[in-house]
Amino acid sequence: MMQRLLTILVATATAGPSYYCAAFSTNNARPQLKKNHDGSSKLSKLSTNHEASSLLSSPPDITTESTTTRMDFLKSMFFASATLPILASSPRPSNAAPPFAIMAEELGYFPVKDEKSGETFMVPAKAKRTSTDQAVELAKYLQSTKAVMYGAFWCPHCQRQKELFGKEAWKYITYVECSPKGYKSQYATCLSNGIDGYPSWKFGNGKSQGGEMELIDIATTSGFKKKFAFDGSLEEGQVPSLGGGGCK
């Protein structure tokens, strides 16, 4: 269709100044040159009874003969070709997720506006996977020993650390948001504790560790494994790896 429009436009643009343009008839006959009263030649006119956009679906029927200038025809063709992409990309009803859900899926966080202050804060996405029973017990132990995880909403390693625990276990973890733009940010607390990377763990037994940790390592470092059994193989391969490390 676009090639057809371009063919018409090119043929029109290259015609001599004394000629006029013609639309294709329903039998696809070629436009015929006709003589003016003064002896000059002209082409039959594109019918004004048809909008330029009708050319996009089917050739118009020419029922009456009239003339139009080459410039008018070019303008109508330009309008038709310009609206073609718009018509082709017209919005259709869909069941697409809302923007914040897309952001949570792709980035791991989404914006929330505070109605009182008017400020926008970023909320980390929730964990999706189901926790193992031992992950829940580990999280409860960390809560009882006052272990803290410091993180930032934009940090993918923090998001993975959350996912390693799973949605049931994560609710027992004490999490401190260190980014000033994060929801319920405790930026000053992070500074006073010397946090310079995310995630950062401070365990109840006085030990600290920077960067994301596998649950078996958290169980060992925090002292949980000394008191309770923890099978690291049950947690392996549950969450795609980011190669370890953390965010700065």
# chains A, B, ... in the order shown; residues from 1 in each chain; ligands from 1
call {"tool": "residues_around", "arguments": {"residues": "A:Lys181", "least_positions_apart": "4", "cutoff": "10 Å", "atoms": "only C-alpha atoms", "output": "PyMOL selection string"}}
result
chain A and resi 111+119-123+152-154+177+185+187
call {"tool": "atom_distance", "arguments": {"atom1": "atom CA of A:Glu137", "atom2": "atom CA of A:Arg160"}}
result
19.0 Å
call {"tool": "atom_distance", "arguments": {"atom1": "atom CA of A:Phe110", "atom2": "atom CA of A:Gly151"}}
result
15.7 Å
call {"tool": "closest_residue", "arguments": {"among": "A:Trp170, A:Gln238, A:Lys116, A:Tyr141", "to": "A:Lys226", "atoms": "only C-alpha atoms"}}
result
A:Tyr141
call {"tool": "residues_around", "arguments": {"residues": "A:Gly232", "least_positions_apart": "6", "cutoff": "9 Å", "atoms": "only C-alpha atoms", "output": "number ranges by chain"}}
result
A: 214-217
call {"tool": "select_by_dssp", "arguments": {"residues": "stretch 129-196 of chain A", "states": "strand (DSSP E)", "output": "number ranges by chain"}}
result
A: 148-151, 174-177
call {"tool": "write_last_selection", "arguments": {"atoms": "N, CA, C and O atoms", "output": "mmCIF file, in the first residue's frame"}}
result
data_model
loop_
_atom_site.group_PDB
_atom_site.id
_atom_site.type_symbol
_atom_site.label_atom_id
_atom_site.label_comp_id
_atom_site.auth_asym_id
_atom_site.auth_seq_id
_atom_site.Cartn_x
_atom_site.Cartn_y
_atom_site.Cartn_z
ATOM 1 N N VAL A 148 20.049 -7.078 61.238
ATOM 2 C CA VAL A 148 19.517 -6.030 60.357
ATOM 3 C C VAL A 148 20.154 -6.144 58.977
ATOM 4 O O VAL A 148 21.372 -6.368 58.859
ATOM 5 N N MET A 149 19.336 -5.978 57.957
ATOM 6 C CA MET A 149 19.859 -5.882 56.594
ATOM 7 C C MET A 149 19.654 -4.458 56.101
ATOM 8 O O MET A 149 18.531 -3.941 56.102
ATOM 9 N N TYR A 150 20.735 -3.811 55.665
ATOM 10 C CA TYR A 150 20.687 -2.468 55.088
ATOM 11 C C TYR A 150 20.717 -2.602 53.557
ATOM 12 O O TYR A 150 21.506 -3.380 53.013
ATOM 13 N N GLY A 151 19.866 -1.838 52.909
ATOM 14 C CA GLY A 151 19.810 -1.944 51.452
ATOM 15 C C GLY A 151 19.280 -0.686 50.795
ATOM 16 O O GLY A 151 19.036 0.334 51.450
ATOM 17 N N THR A 174 14.384 -7.621 59.481
ATOM 18 C CA THR A 174 14.438 -6.178 59.752
ATOM 19 C C THR A 174 15.252 -5.531 58.648
ATOM 20 O O THR A 174 16.470 -5.758 58.528
ATOM 21 N N TYR A 175 14.582 -4.727 57.846
ATOM 22 C CA TYR A 175 15.221 -4.100 56.683
ATOM 23 C C TYR A 175 15.269 -2.597 56.877
ATOM 24 O O TYR A 175 14.276 -1.967 57.278
ATOM 25 N N VAL A 176 16.428 -2.002 56.575
ATOM 26 C CA VAL A 176 16.602 -0.551 56.674
ATOM 27 C C VAL A 176 16.901 0.002 55.287
ATOM 28 O O VAL A 176 17.888 -0.403 54.657
ATOM 29 N N GLU A 177 16.064 0.918 54.829
ATOM 30 C CA GLU A 177 16.245 1.552 53.522
ATOM 31 C C GLU A 177 17.250 2.698 53.646
ATOM 32 O O GLU A 177 17.062 3.611 54.450
#
